[in-house]
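What follows is the content of final_1.txt (compact mmCIF, C-alpha atoms and all ligand atoms).
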# COMPACT_ATOMS: atom_id res chain seq x y z
CA MET H 1 9.13 19.84 -27.66
CA ARG H 2 10.15 20.50 -24.07
CA LEU H 3 8.67 18.13 -21.51
CA GLN H 4 7.14 21.04 -19.58
CA ASP H 5 5.25 22.04 -22.76
CA LYS H 6 4.14 18.47 -23.37
CA TYR H 7 2.68 18.39 -19.86
CA LYS H 8 0.69 21.56 -20.61
CA GLU H 9 -0.57 20.00 -23.83
CA LEU H 10 -1.77 16.92 -21.92
CA ARG H 11 -3.72 18.90 -19.34
CA ASN H 12 -7.44 18.18 -19.56
CA THR H 13 -6.90 15.25 -21.92
CA PRO H 14 -7.46 11.57 -21.06
CA ILE H 15 -3.81 10.90 -21.93
CA ALA H 16 -0.66 10.73 -19.80
CA LEU H 17 3.02 9.98 -20.34
CA LEU H 18 4.55 6.73 -19.18
CA ALA H 19 7.90 7.12 -17.43
CA THR H 20 9.91 3.93 -17.47
CA ASN H 21 13.09 3.28 -15.52
CA PHE H 22 15.90 1.51 -17.34
CA TYR H 23 18.93 -0.29 -15.93
CA ASN H 24 21.08 -1.40 -18.83
CA PHE H 25 21.09 -1.58 -22.63
CA GLU H 26 18.57 -4.42 -22.68
CA THR H 27 15.85 -2.76 -20.59
CA LEU H 28 16.39 0.51 -22.51
CA GLU H 29 15.98 -1.34 -25.77
CA GLY H 30 12.86 -3.17 -24.56
CA VAL H 31 11.20 0.05 -23.48
CA LEU H 32 12.03 1.96 -26.67
CA GLN H 33 10.84 -0.86 -28.91
CA ALA H 34 7.45 -0.57 -27.19
CA ALA H 35 7.39 3.18 -27.84
CA VAL H 36 8.15 2.52 -31.52
CA GLN H 37 5.46 -0.17 -31.74
CA CYS H 38 2.85 2.05 -30.11
CA LYS H 39 4.06 5.24 -31.86
CA SER H 40 4.01 6.81 -28.43
CA PRO H 41 6.18 9.36 -26.68
CA ILE H 42 7.83 8.13 -23.49
CA ILE H 43 9.99 9.30 -20.61
CA LEU H 44 13.19 7.39 -19.81
CA GLN H 45 14.18 7.59 -16.16
CA LEU H 46 17.44 7.06 -14.33
CA THR H 47 17.83 6.84 -10.58
CA ARG H 48 21.02 7.50 -8.64
CA SER H 49 21.69 3.75 -8.39
CA SER H 50 21.31 3.21 -12.14
CA ILE H 51 23.57 6.20 -12.78
CA GLU H 52 26.14 4.77 -10.38
CA TYR H 53 25.83 1.36 -12.04
CA MET H 54 26.37 2.55 -15.62
CA GLY H 55 28.20 5.82 -15.05
CA LEU H 56 26.49 9.12 -15.86
CA PRO H 57 27.84 9.81 -19.37
CA MET H 58 27.35 6.18 -20.42
CA ALA H 59 23.77 6.00 -19.13
CA PHE H 60 22.81 9.35 -20.60
CA GLN H 61 24.56 9.00 -23.97
CA MET H 62 23.27 5.47 -24.43
CA ALA H 63 19.71 6.70 -23.88
CA ARG H 64 20.17 9.70 -26.20
CA THR H 65 21.69 7.54 -28.91
CA ALA H 66 18.96 4.92 -28.58
CA ILE H 67 16.23 7.59 -28.80
CA ASN H 68 17.77 8.95 -32.01
CA HIS H 69 18.31 5.47 -33.39
CA HIS H 70 14.66 4.51 -32.89
CA GLY H 71 13.34 7.91 -33.97
CA VAL H 72 10.89 8.19 -31.07
CA LYS H 73 9.90 11.20 -29.01
CA ALA H 74 11.40 10.65 -25.59
CA TRP H 75 12.76 12.70 -22.71
CA ILE H 76 15.53 11.74 -20.30
CA HIS H 77 14.63 12.34 -16.66
CA LEU H 78 16.38 12.01 -13.30
CA ASP H 79 14.11 9.99 -10.99
CA HIS H 80 14.25 10.73 -7.24
CA GLY H 81 17.20 13.11 -7.34
CA ASP H 82 18.23 13.19 -3.70
CA SER H 83 20.66 16.11 -3.77
CA TYR H 84 21.23 19.45 -5.46
CA GLU H 85 24.64 18.16 -6.59
CA LEU H 86 23.23 15.13 -8.41
CA VAL H 87 20.60 17.32 -10.09
CA ALA H 88 23.34 19.75 -11.18
CA GLN H 89 25.44 16.93 -12.65
CA CYS H 90 22.47 15.59 -14.61
CA LEU H 91 21.56 19.04 -15.94
CA ASP H 92 25.17 19.53 -17.03
CA GLU H 93 25.05 16.19 -18.79
CA GLY H 94 21.97 17.30 -20.75
CA PHE H 95 18.94 15.77 -19.00
CA ASP H 96 15.60 17.15 -20.21
CA SER H 97 14.05 16.88 -16.80
CA VAL H 98 15.05 16.35 -13.18
CA MET H 99 13.25 15.34 -10.04
CA ILE H 100 14.34 16.71 -6.70
CA ASP H 101 12.90 14.54 -3.98
CA ALA H 102 13.02 16.29 -0.63
CA SER H 103 9.67 14.84 0.38
CA GLU H 104 11.07 13.36 3.57
CA LYS H 105 12.24 16.80 4.71
CA PRO H 106 9.93 19.22 6.56
CA PHE H 107 7.57 21.18 4.29
CA PHE H 108 9.54 24.45 4.27
CA GLU H 109 12.85 22.67 3.72
CA ASN H 110 11.31 20.79 0.79
CA ILE H 111 10.20 24.16 -0.60
CA SER H 112 13.60 25.77 -0.22
CA VAL H 113 15.61 22.89 -1.78
CA THR H 114 13.10 22.69 -4.64
CA GLN H 115 13.30 26.46 -5.22
CA LYS H 116 17.08 26.17 -5.62
CA VAL H 117 16.70 23.34 -8.13
CA VAL H 118 14.05 25.22 -10.12
CA ALA H 119 16.31 28.29 -10.32
CA LEU H 120 19.17 26.13 -11.62
CA ALA H 121 17.04 24.11 -14.05
CA ARG H 122 15.64 27.28 -15.64
CA LYS H 123 19.15 28.09 -16.87
CA TYR H 124 19.11 24.78 -18.76
CA ASP H 125 15.49 25.18 -19.90
CA ALA H 126 14.83 21.85 -18.17
CA CYS H 127 11.69 20.57 -16.53
CA VAL H 128 11.48 20.04 -12.74
CA GLU H 129 9.46 17.52 -10.74
CA ALA H 130 9.23 17.52 -6.95
CA GLU H 131 7.36 15.37 -4.46
CA LEU H 132 5.05 16.29 -1.64
CA GLY H 133 3.72 13.74 0.83
CA TYR H 134 4.76 10.19 1.70
CA VAL H 135 5.05 7.65 -1.13
CA ALA H 136 6.79 4.65 0.45
CA LYS H 137 10.12 3.88 -1.18
CA LEU H 138 11.38 0.29 -1.55
CA GLY H 139 11.73 -1.21 1.91
CA GLN H 140 9.80 1.55 3.67
CA SER H 141 6.54 1.04 5.51
CA THR H 142 3.43 1.35 3.38
CA GLU H 143 1.31 1.81 6.49
CA LYS H 144 2.55 5.29 7.27
CA GLU H 145 0.01 8.01 6.50
CA GLY H 146 1.08 11.20 4.83
CA PHE H 147 -1.07 11.79 1.79
CA THR H 148 -0.58 15.07 -0.07
CA MET H 149 -2.82 17.82 1.24
CA PRO H 150 -4.40 19.99 -1.48
CA GLU H 151 -3.73 23.29 0.34
CA GLU H 152 -0.07 22.36 0.80
CA ALA H 153 0.20 21.27 -2.84
CA SER H 154 -1.17 24.61 -3.99
CA ARG H 155 1.24 26.55 -1.77
CA PHE H 156 4.18 24.32 -2.71
CA VAL H 157 3.65 24.78 -6.46
CA ASP H 158 3.10 28.54 -6.13
CA GLU H 159 6.23 29.04 -4.06
CA THR H 160 8.56 26.75 -6.01
CA GLY H 161 7.31 27.07 -9.60
CA VAL H 162 7.78 23.34 -10.26
CA ASP H 163 6.44 21.97 -13.56
CA ALA H 164 5.40 18.60 -12.14
CA LEU H 165 4.41 17.36 -8.70
CA ALA H 166 4.47 13.77 -7.47
CA VAL H 167 1.55 13.25 -5.14
CA ALA H 168 0.94 10.75 -2.36
CA ILE H 169 -2.55 9.34 -2.82
CA GLY H 170 -2.06 5.70 -1.86
CA THR H 171 0.59 4.23 -4.16
CA SER H 172 4.01 3.00 -3.05
CA HIS H 173 7.15 1.78 -4.81
CA GLY H 174 7.63 -1.94 -5.36
CA PHE H 175 5.03 -4.69 -5.33
CA TYR H 176 1.83 -4.37 -3.31
CA LYS H 177 0.81 -6.90 -0.68
CA LYS H 178 -2.82 -6.08 -1.37
CA GLU H 179 -4.45 -4.16 -4.18
CA PRO H 180 -3.75 -0.44 -3.71
CA ARG H 181 -6.75 1.78 -3.06
CA LEU H 182 -6.12 5.27 -4.32
CA ASP H 183 -7.67 8.35 -2.80
CA LEU H 184 -9.01 9.64 -6.12
CA GLU H 185 -11.17 12.26 -4.45
CA ARG H 186 -8.02 13.79 -3.02
CA LEU H 187 -6.41 13.69 -6.46
CA SER H 188 -9.31 15.68 -7.93
CA ASN H 189 -9.04 18.19 -5.10
CA ILE H 190 -5.31 18.62 -5.70
CA ARG H 191 -5.98 19.04 -9.44
CA GLU H 192 -8.43 21.84 -8.74
CA VAL H 193 -5.95 23.94 -6.80
CA THR H 194 -2.73 23.47 -8.76
CA ASN H 195 -1.53 23.90 -12.32
CA ALA H 196 1.51 21.62 -12.08
CA ALA H 197 1.44 18.32 -13.97
CA LEU H 198 0.56 15.65 -11.41
CA VAL H 199 2.71 12.52 -11.23
CA LEU H 200 1.82 9.06 -9.94
CA HIS H 201 4.80 7.15 -8.56
CA GLY H 202 4.57 3.44 -7.81
CA GLY H 203 2.76 2.49 -11.01
CA SER H 204 3.69 -1.20 -10.80
CA GLY H 205 0.77 -3.37 -9.77
CA VAL H 206 -1.84 -0.63 -9.97
CA PRO H 207 -4.84 -2.03 -11.89
CA HIS H 208 -5.21 -0.54 -15.35
CA ALA H 209 -8.73 0.68 -14.64
CA THR H 210 -7.37 2.62 -11.66
CA LEU H 211 -4.59 4.11 -13.77
CA ARG H 212 -7.18 5.26 -16.32
CA GLU H 213 -9.31 6.78 -13.60
CA ALA H 214 -6.30 8.60 -12.13
CA ILE H 215 -5.41 9.99 -15.57
CA GLY H 216 -9.01 11.16 -15.96
CA ARG H 217 -8.61 13.04 -12.70
CA GLY H 218 -5.43 14.84 -13.68
CA ILE H 219 -2.41 12.50 -13.54
CA CYS H 220 -0.07 13.42 -16.44
CA LYS H 221 2.83 11.05 -15.76
CA ILE H 222 2.87 7.47 -14.50
CA ASN H 223 6.11 5.95 -13.23
CA LEU H 224 6.86 2.30 -13.85
CA ALA H 225 9.94 0.47 -12.57
CA THR H 226 9.40 -2.72 -10.55
CA GLU H 227 7.33 -4.51 -13.18
CA ILE H 228 10.09 -3.88 -15.75
CA LYS H 229 12.81 -5.37 -13.52
CA ASN H 230 10.53 -8.24 -12.58
CA ILE H 231 9.53 -9.32 -16.08
CA PHE H 232 13.09 -8.97 -17.35
CA MET H 233 14.62 -11.13 -14.62
CA LYS H 234 11.82 -13.70 -14.51
CA THR H 235 11.96 -14.22 -18.27
CA LEU H 236 15.72 -14.49 -18.17
CA LYS H 237 15.65 -17.03 -15.32
CA ALA H 238 13.09 -19.17 -17.15
CA LYS H 239 15.14 -19.03 -20.34
CA LEU H 240 18.35 -20.02 -18.55
CA GLU H 241 16.84 -22.87 -16.60
CA ASN H 242 17.20 -25.44 -19.36
CA GLU H 243 19.80 -23.64 -21.44
CA SER H 244 23.48 -24.20 -21.91
CA GLU H 245 23.83 -21.33 -24.38
CA ILE H 246 26.67 -18.99 -23.42
CA ASP H 247 26.13 -16.51 -26.22
CA LEU H 248 24.34 -13.85 -24.27
CA ARG H 249 23.16 -12.21 -27.47
CA LYS H 250 20.98 -15.27 -28.00
CA VAL H 251 19.67 -15.24 -24.45
CA PHE H 252 18.81 -11.60 -23.75
CA PRO H 253 16.36 -11.00 -26.63
CA VAL H 254 13.51 -12.97 -25.00
CA ALA H 255 13.81 -10.80 -21.91
CA ILE H 256 13.94 -7.64 -24.07
CA ASP H 257 10.78 -8.79 -25.86
CA ALA H 258 9.04 -9.41 -22.55
CA VAL H 259 9.82 -5.83 -21.47
CA THR H 260 8.49 -4.58 -24.81
CA MET H 261 5.22 -6.47 -24.35
CA LEU H 262 4.77 -5.18 -20.82
CA VAL H 263 5.51 -1.57 -21.71
CA ALA H 264 3.32 -1.71 -24.84
CA GLU H 265 0.38 -2.76 -22.62
CA LYS H 266 1.01 0.16 -20.28
CA LEU H 267 1.39 2.57 -23.19
CA LYS H 268 -2.07 1.58 -24.40
CA VAL H 269 -3.46 2.47 -21.00
CA VAL H 270 -1.79 5.90 -20.73
CA ASN H 271 -2.72 6.73 -24.32
CA ASN H 272 -6.37 5.84 -23.60
CA LYS H 273 -6.47 3.04 -26.18
P1 LIG L 1 7.32 1.09 -9.16
O1 LIG L 1 8.66 0.50 -8.98
O2 LIG L 1 6.37 0.73 -8.07
O3 LIG L 1 6.76 0.89 -10.51
O4 LIG L 1 7.50 2.68 -8.98
C1 LIG L 1 8.27 3.37 -9.93
C2 LIG L 1 8.50 4.76 -9.53
O5 LIG L 1 7.64 5.42 -8.99
C3 LIG L 1 9.81 5.34 -9.83
O6 LIG L 1 9.94 6.63 -9.32
Written as structure tokens, that's how I'd like the structure from this file.
Ligand code: 13P
Amino acid sequence: MRLQDKYKELRNTPIALLATNFYNFETLEGVLQAAVQCKSPIILQLTRSSIEYMGLPMAFQMARTAINHHGVKAWIHLDHGDSYELVAQCLDEGFDSVMIDASEKPFFENISVTQKVVALARKYDACVEAELGYVAKLGQSTEKEGFTMPEEASRFVDETGVDALAVAIGTSHGFYKKEPRLDLERLSNIREVTNAALVLHGGSGVPHATLREAIGRGICKINLATEIKNIFMKTLKAKLENESEIDLRKVFPVAIDAVTMLVAEKLKVVNNK
């Protein structure tokens, strides 16, 4: 099933998809084992930096092979595509879905770049996500205002034809200094005026009750990255502290398992269990 059809199926249900970033074989494996355990579909995301780290064919083929190996339903998605060229490369490689993030550009520029990406992605039958509003990226200020405005969201989706729209309602990427307070009223208002699947970026550190509430109000996809990196590295550091083992195949599995446990918890939330 195409991701864009899955999104339509999820509309008006209390269920969303979890989109997990992966960085190497181990985090990919951890995430997919959770999907197997929970018998849940999942989205696997790659950012430009992960693509540059692993190389595009390696990252993509490894994910595709792992999906087939585990026999789970999963889609491969480009997270925060920052240029038409990168999107085009990923579509050529076989990605199921791409995000074009021109959210820092003026409204009409965001529309025009996104329109170009949608036109290209249609040729590949791929799904497109765009972003409207200010969701702080790692290292950016979380103080800056810039929540998505419902009227703009409606116009943006109508003019671009995107399948999914990332909205700014109070989340940011990375860890929070204080508990995030989401503007759920705004989310409901955006839901009322647009048919695109709504996406919540910055899922790490958002309380589970808040995630459930956001799904109830129309979020179809929740992105999770920082918590995956964090649990993987923390577990690995703790394991290595009193360890002289040099066989990395004996060291990594605890960190893989920790990722699996984390993602399984999140999958329960998005699947309303
Ligand atoms: P976190 O790193 O805050 O989980 O955000 C992930 C994300 O939104 C990726 O696009």
Set out as a tab-separated table a contact list for chain H and ligand LIG 1 (chain L) with a cut-off of 9 Å, giving each residue of chain H that qualifies its closest atom pair and distance in Å to one decimal, counting all atoms listed in the file, ordered by chain and rising residue number.
residue	atom	partner	partner_atom	distance
H:Ala19	CA	L:LIG1	C3	8.0
H:Thr20	CA	L:LIG1	C1	7.7
H:Asn21	CA	L:LIG1	C3	6.9
H:Gln45	CA	L:LIG1	C3	8.0
H:Thr47	CA	L:LIG1	O6	8.0
H:Asp79	CA	L:LIG1	O6	5.6
H:His80	CA	L:LIG1	O6	6.3
H:Val135	CA	L:LIG1	O5	8.6
H:Lys137	CA	L:LIG1	O4	8.3
H:Leu138	CA	L:LIG1	O1	7.9
H:Thr171	CA	L:LIG1	O2	7.8
H:Ser172	CA	L:LIG1	O2	6.0
H:His173	CA	L:LIG1	O2	3.5
H:Gly174	CA	L:LIG1	O2	4.0
H:Phe175	CA	L:LIG1	O2	6.2
H:Tyr176	CA	L:LIG1	O2	8.3
H:Val199	CA	L:LIG1	O5	8.9
H:Leu200	CA	L:LIG1	O5	6.9
H:His201	CA	L:LIG1	O5	3.4
H:Gly202	CA	L:LIG1	O4	3.2
H:Gly203	CA	L:LIG1	O3	4.3
H:Ser204	CA	L:LIG1	O3	3.7
H:Gly205	CA	L:LIG1	O2	7.1
H:Val206	CA	L:LIG1	O2	8.5
H:Ile222	CA	L:LIG1	O5	7.6
H:Asn223	CA	L:LIG1	O5	4.5
H:Leu224	CA	L:LIG1	O3	3.6
H:Ala225	CA	L:LIG1	O1	3.8
H:Thr226	CA	L:LIG1	O1	3.7
H:Glu227	CA	L:LIG1	O3	6.1
H:Ile228	CA	L:LIG1	O3	7.8
H:Lys229	CA	L:LIG1	O1	8.5
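The gap separating atom CA of H:Asn24 from atom CA of H:Val98 is 19.6 Å, in Å to one decimal.
Compared by their closest atoms to H:Leu28, and using only C-alpha atoms, the residues H:Leu46, H:Ala63, H:Cys90, H:Leu165 rank with H:Ala63 nearest.
The space separating atom CA of H:Asn272 from atom CA of H:Tyr23 comes to 27.1 Å.
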Quiz prompt | Nearby residues (only C-alpha atoms) at most 12 Å from H:Leu10, same-chain spacing under 2 positions excluded, as a ChimeraX atom specification | solution = /H:3-8,12-17,41,195-198,215-216,218-221,270-271
Return as JSON lines the residues of stretch 26-122 of chain H lying at most 10 Å from stretch 256-263 of chain H, together with the closest atom-to-atom pair for each and the distance in Å to one decimal, counting all atoms listed in the file, with rows in chain order and ascending residue number.
{"residue": "H:Glu26", "atom": "CA", "partner": "H:Ile256", "partner_atom": "CA", "distance": 5.8}
{"residue": "H:Thr27", "atom": "CA", "partner": "H:Ile256", "partner_atom": "CA", "distance": 6.3}
{"residue": "H:Leu28", "atom": "CA", "partner": "H:Ile256", "partner_atom": "CA", "distance": 8.7}
{"residue": "H:Glu29", "atom": "CA", "partner": "H:Ile256", "partner_atom": "CA", "distance": 6.8}
{"residue": "H:Gly30", "atom": "CA", "partner": "H:Thr260", "partner_atom": "CA", "distance": 4.6}
{"residue": "H:Val31", "atom": "CA", "partner": "H:Thr260", "partner_atom": "CA", "distance": 5.5}
{"residue": "H:Leu32", "atom": "CA", "partner": "H:Thr260", "partner_atom": "CA", "distance": 7.7}
{"residue": "H:Gln33", "atom": "CA", "partner": "H:Thr260", "partner_atom": "CA", "distance": 6.0}
{"residue": "H:Ala34", "atom": "CA", "partner": "H:Thr260", "partner_atom": "CA", "distance": 4.8}
{"residue": "H:Ala35", "atom": "CA", "partner": "H:Val263", "partner_atom": "CA", "distance": 8.0}
{"residue": "H:Val36", "atom": "CA", "partner": "H:Thr260", "partner_atom": "CA", "distance": 9.8}
{"residue": "H:Gln37", "atom": "CA", "partner": "H:Thr260", "partner_atom": "CA", "distance": 8.8}
{"residue": "H:Cys38", "atom": "CA", "partner": "H:Val263", "partner_atom": "CA", "distance": 9.5}
Quiz item: Rounded to one decimal in Å, what is the spacing between atom CA of H:Ala59 and atom CA of H:Glu85?
Solution: 17.5 Å
Which polymer residues have any atom within 9 Å of an atom of H:Thr148, counting only C-alpha atoms, with same-chain residues fewer than 2 positions away left out, as a short mmCIF file (atom, residue, chain, number, x, y, z; two decimals) with C-alpha atoms, keeping the file's coordinate frame?
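The result, stored in selection04.cif:
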data_model
loop_
_atom_site.label_atom_id
_atom_site.label_comp_id
_atom_site.auth_asym_id
_atom_site.auth_seq_id
_atom_site.Cartn_x
_atom_site.Cartn_y
_atom_site.Cartn_z
CA LEU H 132 5.05 16.29 -1.64
CA GLY H 133 3.72 13.74 0.83
CA TYR H 134 4.76 10.19 1.70
CA GLY H 146 1.08 11.20 4.83
CA PRO H 150 -4.40 19.99 -1.48
CA GLU H 151 -3.73 23.29 0.34
CA GLU H 152 -0.07 22.36 0.80
CA ALA H 153 0.20 21.27 -2.84
CA VAL H 167 1.55 13.25 -5.14
CA ALA H 168 0.94 10.75 -2.36
CA ILE H 169 -2.55 9.34 -2.82
CA ARG H 186 -8.02 13.79 -3.02
CA LEU H 187 -6.41 13.69 -6.46
CA ILE H 190 -5.31 18.62 -5.70
#
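Restricting the calculation to only C-alpha atoms, the smallest distance between H:Glu192 and any of H:Ser154, H:His208, H:Met99, H:Phe60 is found for H:Ser154.
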Exercise. Kindly indicate which residue among H:Leu91, H:Val118, H:Leu240, H:Ala102 lies nearest to H:Glu131, using all atoms listed in the file for the distances.
Key: H:Ala102
Self-check item: Pick from H:Val251, H:Ile246, H:Leu18, H:Ala238, whichever lies nearest to H:Glu265 using all atoms listed in the file
Solution: H:Leu18
